[in-house]
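Visitor: Sharing query.tsv, TSV, C-alpha atoms:
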chain	number	residue	atom	x	y	z
V	221	TYR	CA	-20.61	0.35	15.58
V	222	GLY	CA	-18.88	0.05	18.95
V	223	ILE	CA	-18.03	-3.61	18.42
V	224	LEU	CA	-16.46	-2.81	15.04
V	225	PHE	CA	-14.04	-0.34	16.62
V	226	TRP	CA	-13.10	-2.79	19.38
V	227	VAL	CA	-12.41	-5.44	16.74
V	228	ASN	CA	-10.27	-2.94	14.85
V	229	ALA	CA	-8.33	-2.09	18.01
V	230	ALA	CA	-7.78	-5.78	18.74
V	231	ALA	CA	-6.53	-6.31	15.19
V	232	SER	CA	-4.00	-3.48	15.68
V	233	VAL	CA	-2.70	-5.07	18.87
V	234	LEU	CA	-2.56	-8.51	17.26
V	235	ALA	CA	-0.64	-7.13	14.26
V	236	ALA	CA	1.86	-5.46	16.60
V	237	LEU	CA	2.37	-8.71	18.54
V	238	ILE	CA	2.91	-10.68	15.34
V	239	VAL	CA	5.51	-8.16	14.16
V	240	TRP	CA	7.23	-8.15	17.57
V	241	ARG	CA	7.33	-11.94	17.85
V	242	TYR	CA	7.93	-13.19	14.32
V	243	LEU	CA	9.52	-10.41	12.26
V	244	PRO	CA	13.28	-11.00	12.00
V	245	GLU	CA	15.77	-8.16	12.11
V	246	THR	CA	17.33	-7.51	8.70
V	247	ARG	CA	19.37	-4.37	9.28
V	248	PRO	CA	23.11	-4.86	9.78
V	249	PRO	CA	24.33	-3.60	13.18
V	250	THR	CA	25.20	0.09	13.04
V	251	PRO	CA	27.12	1.97	15.74
V	252	ASP	CA	25.08	4.80	17.26
V	253	ALA	CA	27.74	7.31	16.27
V	254	THR	CA	27.33	6.53	12.56
V	255	ARG	CA	23.54	6.59	12.37
V	256	ARG	CA	22.18	9.16	9.95
V	257	ALA	CA	19.22	11.46	10.30
V	258	LEU	CA	16.33	10.66	7.99
V	259	LEU	CA	15.49	14.06	6.49
V	260	PRO	CA	18.86	14.98	4.90
V	261	VAL	CA	19.05	11.55	3.22
V	262	LEU	CA	15.40	11.54	2.17
V	263	LEU	CA	15.53	14.97	0.55
V	264	ARG	CA	18.49	13.86	-1.59
V	265	ASP	CA	16.82	10.61	-2.65
V	266	PRO	CA	14.81	11.29	-5.85
V	267	VAL	CA	13.76	7.65	-6.20
V	268	MET	CA	12.13	7.58	-2.77
V	269	LEU	CA	10.54	10.99	-3.28
V	270	ALA	CA	9.12	9.88	-6.62
V	271	MET	CA	7.75	6.65	-5.17
V	272	ALA	CA	6.21	8.49	-2.23
V	273	ALA	CA	4.52	10.97	-4.58
V	274	ILE	CA	3.23	8.15	-6.79
V	275	HIS	CA	1.69	6.38	-3.81
V	276	VAL	CA	0.10	9.53	-2.41
V	277	VAL	CA	-1.67	10.00	-5.75
V	278	TYR	CA	-2.55	6.29	-5.89
V	279	PHE	CA	-4.08	6.22	-2.41
V	280	THR	CA	-5.99	9.44	-3.15
V	281	MET	CA	-7.54	7.65	-6.12
V	282	PHE	CA	-7.96	4.34	-4.33
V	283	LEU	CA	-9.86	5.84	-1.41
V	284	GLN	CA	-12.66	7.00	-3.68
V	285	SER	CA	-14.05	3.54	-2.98
V	286	PHE	CA	-14.69	4.62	0.62
V	287	SER	CA	-15.64	8.26	0.06
V	288	THR	CA	-17.36	9.00	-3.25
V	289	LEU	CA	-18.44	5.50	-4.29
V	290	PRO	CA	-21.12	5.23	-1.58
V	291	LEU	CA	-22.42	8.68	-2.59
V	292	VAL	CA	-22.64	7.66	-6.24
V	293	MET	CA	-24.36	4.41	-5.30
V	294	ALA	CA	-26.87	6.29	-3.17
V	295	GLY	CA	-27.59	8.52	-6.15
V	296	ASP	CA	-28.33	5.39	-8.20
V	297	GLY	CA	-30.82	4.26	-5.56
V	298	HIS	CA	-28.66	1.66	-3.82
V	299	GLY	CA	-28.90	1.43	-0.05
V	300	PRO	CA	-26.26	0.75	2.62
V	301	ALA	CA	-26.83	-3.00	2.33
V	302	THR	CA	-25.70	-3.02	-1.31
V	303	TYR	CA	-22.59	-0.99	-0.55
V	304	GLY	CA	-21.82	-3.27	2.39
V	305	ALA	CA	-22.20	-6.34	0.18
V	306	ILE	CA	-19.78	-4.89	-2.38
V	307	LEU	CA	-17.20	-4.13	0.32
V	308	ALA	CA	-17.69	-7.64	1.69
V	309	LEU	CA	-16.97	-9.01	-1.79
V	310	ASN	CA	-13.78	-6.94	-1.83
V	311	GLY	CA	-12.72	-8.39	1.52
V	312	ILE	CA	-13.51	-11.98	0.54
V	313	VAL	CA	-11.46	-11.73	-2.67
V	314	ILE	CA	-8.54	-10.25	-0.73
V	315	VAL	CA	-8.60	-13.02	1.87
V	316	VAL	CA	-8.74	-15.74	-0.81
V	317	VAL	CA	-6.50	-14.30	-3.53
V	318	GLN	CA	-3.84	-12.25	-1.75
V	319	PRO	CA	-2.01	-15.18	-0.09
V	320	ILE	CA	-1.77	-16.80	-3.52
V	321	ALA	CA	-0.61	-13.54	-5.08
V	322	VAL	CA	2.14	-13.20	-2.47
V	323	ARG	CA	3.62	-16.51	-3.64
V	324	LEU	CA	3.09	-15.89	-7.34
V	325	LEU	CA	4.67	-12.43	-7.26
V	326	ASP	CA	7.53	-13.27	-4.91
V	327	GLY	CA	10.82	-12.27	-6.55
V	328	ARG	CA	9.22	-10.53	-9.52
V	329	ASP	CA	10.14	-7.08	-10.73
V	330	THR	CA	8.05	-4.75	-8.57
V	331	ALA	CA	7.73	-1.84	-11.01
V	332	PRO	CA	5.63	-3.56	-13.74
V	333	VAL	CA	3.36	-5.15	-11.14
V	334	LEU	CA	2.77	-1.80	-9.46
V	335	ALA	CA	2.21	-0.08	-12.81
V	336	VAL	CA	-0.41	-2.58	-14.00
V	337	SER	CA	-2.08	-2.76	-10.58
V	338	MET	CA	-2.49	1.02	-10.35
V	339	LEU	CA	-3.83	1.07	-13.90
V	340	LEU	CA	-6.44	-1.56	-13.00
V	341	VAL	CA	-7.63	0.52	-10.06
V	342	GLY	CA	-7.97	3.53	-12.35
V	343	ILE	CA	-9.84	1.57	-15.04
V	344	SER	CA	-12.19	0.20	-12.40
V	345	GLY	CA	-12.96	3.77	-11.38
V	346	GLY	CA	-13.79	4.54	-15.01
V	347	LEU	CA	-16.28	1.67	-15.04
V	348	GLY	CA	-18.17	3.49	-12.30
V	349	ALA	CA	-19.22	6.08	-14.89
V	350	VAL	CA	-21.02	3.56	-17.07
V	351	VAL	CA	-22.41	0.93	-14.69
V	352	HIS	CA	-25.39	1.51	-12.44
V	353	SER	CA	-26.63	-1.92	-11.37
V	354	GLY	CA	-25.44	-3.77	-8.32
V	355	ALA	CA	-23.97	-6.52	-10.48
V	356	GLY	CA	-22.09	-4.01	-12.64
V	357	LEU	CA	-20.69	-2.25	-9.58
V	358	ALA	CA	-19.63	-5.61	-8.13
V	359	GLY	CA	-17.77	-6.37	-11.36
V	360	SER	CA	-15.95	-3.05	-11.24
V	361	ILE	CA	-15.00	-3.69	-7.62
V	362	LEU	CA	-13.51	-7.05	-8.61
V	363	VAL	CA	-11.22	-5.27	-11.09
V	364	TRP	CA	-10.45	-2.70	-8.38
V	365	THR	CA	-9.60	-5.47	-5.92
V	366	VAL	CA	-7.16	-7.19	-8.29
V	367	GLY	CA	-5.27	-3.92	-8.61
V	368	GLN	CA	-5.44	-3.34	-4.87
V	369	ILE	CA	-3.92	-6.77	-4.21
V	370	GLY	CA	-1.05	-6.15	-6.62
V	371	VAL	CA	-0.13	-2.88	-4.91
V	372	SER	CA	-0.49	-4.37	-1.44
V	373	VAL	CA	1.75	-7.33	-2.22
V	374	MET	CA	4.51	-5.16	-3.68
V	375	PHE	CA	4.23	-2.19	-1.33
V	376	GLY	CA	6.56	-3.42	1.40
V	377	ALA	CA	9.07	-5.04	-0.95
V	378	THR	CA	9.35	-1.88	-3.04
V	379	PHE	CA	10.03	0.53	-0.21
V	380	ALA	CA	12.28	-1.92	1.65
V	381	GLY	CA	14.33	-2.25	-1.53
V	382	VAL	CA	14.56	1.51	-2.01
V	383	ALA	CA	15.62	2.21	1.57
V	384	PRO	CA	19.24	2.38	2.74
V	385	ALA	CA	19.95	-0.41	5.21
V	386	ASP	CA	20.34	1.88	8.21
V	387	LEU	CA	17.17	3.85	7.46
V	388	ARG	CA	14.83	1.08	6.35
V	389	GLY	CA	12.41	1.42	9.25
V	390	ARG	CA	12.16	5.18	8.84
V	391	TYR	CA	11.67	4.87	5.10
V	392	MET	CA	8.83	2.44	5.80
V	393	GLY	CA	7.37	5.04	8.13
V	394	VAL	CA	7.42	7.55	5.28
V	395	ALA	CA	5.84	4.93	3.04
V	396	SER	CA	2.98	4.39	5.48
V	397	THR	CA	2.43	8.15	5.57
V	398	THR	CA	1.50	8.07	1.88
V	399	TRP	CA	-1.64	6.16	2.87
V	400	SER	CA	-2.47	8.76	5.51
V	401	LEU	CA	-2.06	11.63	3.06
V	402	GLY	CA	-4.23	9.81	0.54
V	403	ALA	CA	-6.86	9.27	3.23
V	404	VAL	CA	-6.98	13.06	3.74
V	405	LEU	CA	-6.82	14.13	0.11
V	406	GLY	CA	-9.08	11.42	-1.33
V	407	PRO	CA	-12.35	12.46	0.33
V	408	LEU	CA	-11.59	16.19	-0.03
V	409	LEU	CA	-10.77	16.11	-3.74
V	410	GLY	CA	-13.20	13.38	-4.69
V	411	THR	CA	-16.27	14.92	-3.08
V	412	ALA	CA	-15.38	18.37	-4.46
V	413	LEU	CA	-15.09	16.97	-7.98
V	414	LEU	CA	-18.28	14.96	-7.62
V	415	ASP	CA	-20.16	18.00	-6.33
V	416	HIS	CA	-18.97	20.44	-8.99
V	417	ALA	CA	-18.48	18.23	-12.07
V	418	GLY	CA	-20.55	15.09	-11.50
V	419	ARG	CA	-19.89	11.36	-11.43
V	420	THR	CA	-18.72	11.06	-15.03
V	421	ALA	CA	-15.96	13.61	-14.49
V	422	LEU	CA	-14.98	11.94	-11.21
V	423	TRP	CA	-14.56	8.48	-12.69
V	424	ALA	CA	-12.92	9.87	-15.84
V	425	ALA	CA	-10.40	11.56	-13.56
V	426	CYS	CA	-9.79	8.22	-11.82
V	427	THR	CA	-9.12	6.54	-15.17
V	428	ALA	CA	-6.79	9.33	-16.29
V	429	THR	CA	-4.99	9.10	-12.96
V	430	GLY	CA	-4.57	5.36	-13.41
V	431	PHE	CA	-2.91	5.85	-16.80
V	432	ALA	CA	-0.72	8.64	-15.40
V	433	LEU	CA	0.38	6.41	-12.52
V	434	PHE	CA	1.12	3.60	-14.97
V	435	ALA	CA	3.37	5.94	-16.97
V	436	ALA	CA	5.04	7.35	-13.85
V	437	GLN	CA	5.72	3.90	-12.43
V	438	ARG	CA	7.20	2.74	-15.72
V	439	ALA	CA	9.38	5.85	-15.83
V	440	VAL	CA	10.82	5.22	-12.38
V	441	ALA	CA	11.26	1.47	-13.02
V	442	PRO	CA	14.91	1.65	-14.23
V	443	ALA	CA	15.92	3.55	-11.11
V	444	LEU	CA	14.14	1.00	-8.92
V	445	ARG	CA	15.97	-1.83	-10.67
V	446	ARG	CA	19.32	-0.10	-10.23
V	447	ARG	CA	18.59	0.46	-6.56
V	448	ALA	CA	17.50	-3.15	-6.09
V	449	GLY	CA	20.57	-4.37	-7.97
V	450	SER	CA	22.83	-2.57	-5.52
V	451	GLU	CA	21.23	-4.19	-2.48
V	452	PRO	CA	22.72	-7.73	-2.63
V	453	ALA	CA	26.21	-6.36	-2.10
V	454	ALA	CA	25.09	-4.90	1.19
V	455	TYR	CA	23.47	-8.07	2.53
V	456	PRO	CA	24.57	-11.70	2.82
V	457	SER	CA	22.23	-14.23	1.26
V	458	ARG	CA	20.70	-15.07	4.64
V	459	ASP	CA	19.79	-11.42	5.15
V	460	SER	CA	18.32	-11.24	1.64
V	461	ARG	CA	15.93	-14.02	2.59
V	462	ARG	CA	15.04	-12.10	5.72
V	463	ILE	CA	14.34	-8.98	3.65
V	464	ARG	CA	11.89	-10.92	1.52
V	465	ARG	CA	10.15	-12.20	4.67
V	466	TYR	CA	10.07	-8.62	5.97
V	467	ALA	CA	8.46	-7.44	2.72
V	468	ARG	CA	5.85	-10.19	2.79
V	469	THR	CA	4.95	-9.29	6.38
V	470	ALA	CA	4.67	-5.63	5.37
V	471	SER	CA	2.34	-6.53	2.51
V	472	ARG	CA	0.07	-8.34	4.95
V	473	VAL	CA	0.01	-5.26	7.15
V	474	VAL	CA	-1.02	-3.13	4.16
V	475	ARG	CA	-4.14	-5.22	3.55
V	476	THR	CA	-5.44	-4.72	7.12
V	477	PRO	CA	-8.27	-2.21	7.73
V	478	SER	CA	-7.15	1.40	7.47
V	479	THR	CA	-7.06	2.24	11.19
V	480	SER	CA	-5.24	-1.01	11.95
V	481	ARG	CA	-2.79	-0.40	9.11
V	482	ALA	CA	-1.49	2.91	10.40
V	483	SER	CA	-0.85	1.48	13.87
V	484	ALA	CA	0.73	-1.70	12.57
V	485	MET	CA	3.02	0.08	10.13
V	486	ARG	CA	4.29	2.36	12.88
V	487	ARG	CA	5.18	-0.72	14.93
V	488	LEU	CA	6.77	-2.29	11.87
V	489	ALA	CA	8.98	0.77	11.46
V	490	VAL	CA	9.96	0.77	15.16
V	491	ARG	CA	10.80	-2.92	15.02
V	492	SER	CA	13.04	-2.47	11.98
V	493	ASP	CA	14.92	0.47	13.51
V	494	ARG	CA	15.83	-1.44	16.65
For this file, write the structure as structure tokens.
Guide:
Amino acid sequence: YGILFWVNAAASVLAALIVWRYLPETRPPTPDATRRALLPVLLRDPVMLAMAAIHVVYFTMFLQSFSTLPLVMAGDGHGPATYGAILALNGIVIVVVQPIAVRLLDGRDTAPVLAVSMLLVGISGGLGAVVHSGAGLAGSILVWTVGQIGVSVMFGATFAGVAPADLRGRYMGVASTTWSLGAVLGPLLGTALLDHAGRTALWAACTATGFALFAAQRAVAPALRRRAGSEPAAYPSRDSRRIRRYARTASRVVRTPSTSRASAMRRLAVRSDR
């Protein structure tokens, strides 16, 4: 596994160099004396707090694919090779489909896309309760991957649109933390539920979570639209185009491997705050 970690480290460095070299600045110049601290603004921002909570729950559910799914597959008699093949299928679909999805979803309302995408991930988890064959599991992962792509494409655009101009980089840092919290909670909660209640309860919980996230995302959609509608007044049209490029770059960072993603998103936040 040593080579895998070196490749991951190289990907982190490469992502940081791409951000440093090609990511344009979008934040209007702000005098140092007028810069605001993050925490007082964040705690009074219910839209951002709601979106952060939604994504923590989403990533907790999503990361069952890396924590409890291999345990369930082992219980069905599948070996590491089968699980590796399913993850490879996930990666291939992402590489092929996500660049197309970025173009198709560019400029669309983020809330409905996020709502449907999170629902698809939850439904795919529910399929894990009723399928046992390798082919059935591969089909459920395809549904999972479609939802994953939708969230990844809209992730950066959503949080960049929510953020105040002078705090965009720090808001993106908070956004990346939702993945980290999900990475902690996902294995803890998922394995506990699997151990005490079994696979059917685990995947039923994933499906219920998907529907709950769909409802929550739809509920917060009007506030997201109002926030997005207030942004053009703060930016000239040239800067609006730069924001969209920023969001697309962020979405590409989100689809990197997990250890690369955390490092790259931190660099993305630093770059935006400069």
Visitor: What lies within 9 Å of stretch 279-286 of chain V using only C-alpha atoms, ignoring chain neighbours under 6 positions off, as a list of chain:residue names?
Guide: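 My reading of the contact set: V:Leu307, V:Met338, V:Val341, V:Gly342, V:Gly345, V:Ile361, V:Trp364, V:Gln368, V:Thr398, V:Trp399, V:Ser400, V:Leu401, V:Gly402, V:Ala403, V:Val404, V:Leu405, V:Gly406, V:Pro407, V:Leu409, V:Gly410, V:Thr411, V:Ala425, V:Cys426, V:Thr429, V:Gly430.
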Visitor: Please determine, counting all atoms listed in the file, which residue among V:Asp386, V:Gly393, V:Ala308, V:Arg419 has the shortest atom-to-atom distance to V:His352.
Guide: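 Of the candidates, the smallest distance to V:His352 is held by V:Arg419.
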Visitor: Which is closest to V:Ala441 among V:Val277, V:Leu289, V:Val261, V:Val382, if we use all atoms listed in the file?
Guide: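 Under the stated criterion, the closest residue is V:Val382.
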Visitor: Select, from V:Ala377, V:Ala424, V:Val322, V:Val317, the residue with the minimum atom-to-atom distance to V:Leu362, counting only C-alpha atoms.
Guide: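 Residue with the minimum atom-to-atom distance to V:Leu362: V:Val317.
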Visitor: How many Å separate atom CA of V:Ala331 from atom CA of V:Gln437?
Guide: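 Between atom CA of V:Ala331 and atom CA of V:Gln437 the gap works out to 6.2 Å.
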Visitor: Take atom CA of V:Thr365 and atom CA of V:Ile314 and report the distance between them in Å, one decimal.
Guide: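 One can read the atom CA of V:Thr365 to atom CA of V:Ile314 distance as 7.1 Å.
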Visitor: Between atom CA of V:Trp423 and atom CA of V:Gly346, what distance in Å does the model show, to one decimal?
Guide: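 Answer for the atom CA of V:Trp423 to atom CA of V:Gly346 separation: 4.6 Å.
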Visitor: Considering only C-alpha atoms, state which residue in the set V:Val276, V:Met271, V:Val227, V:Ala305 is at the smallest distance from V:Ala443.
Guide: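 Counting only C-alpha atoms, the residue closest to V:Ala443 is V:Met271.
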Visitor: From the list V:Ile274, V:Leu357, V:Val316, V:Leu444, which residue is nearest V:Val371 when using all atoms listed in the file?
Guide: V:Ile274
Visitor: Using only C-alpha atoms, which of V:Ala380, V:Ala448, V:Met293, V:Ala349 sits nearest V:Met392?
Guide: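 When distances to V:Met392 are compared using only C-alpha atoms, the smallest one comes from V:Ala380.
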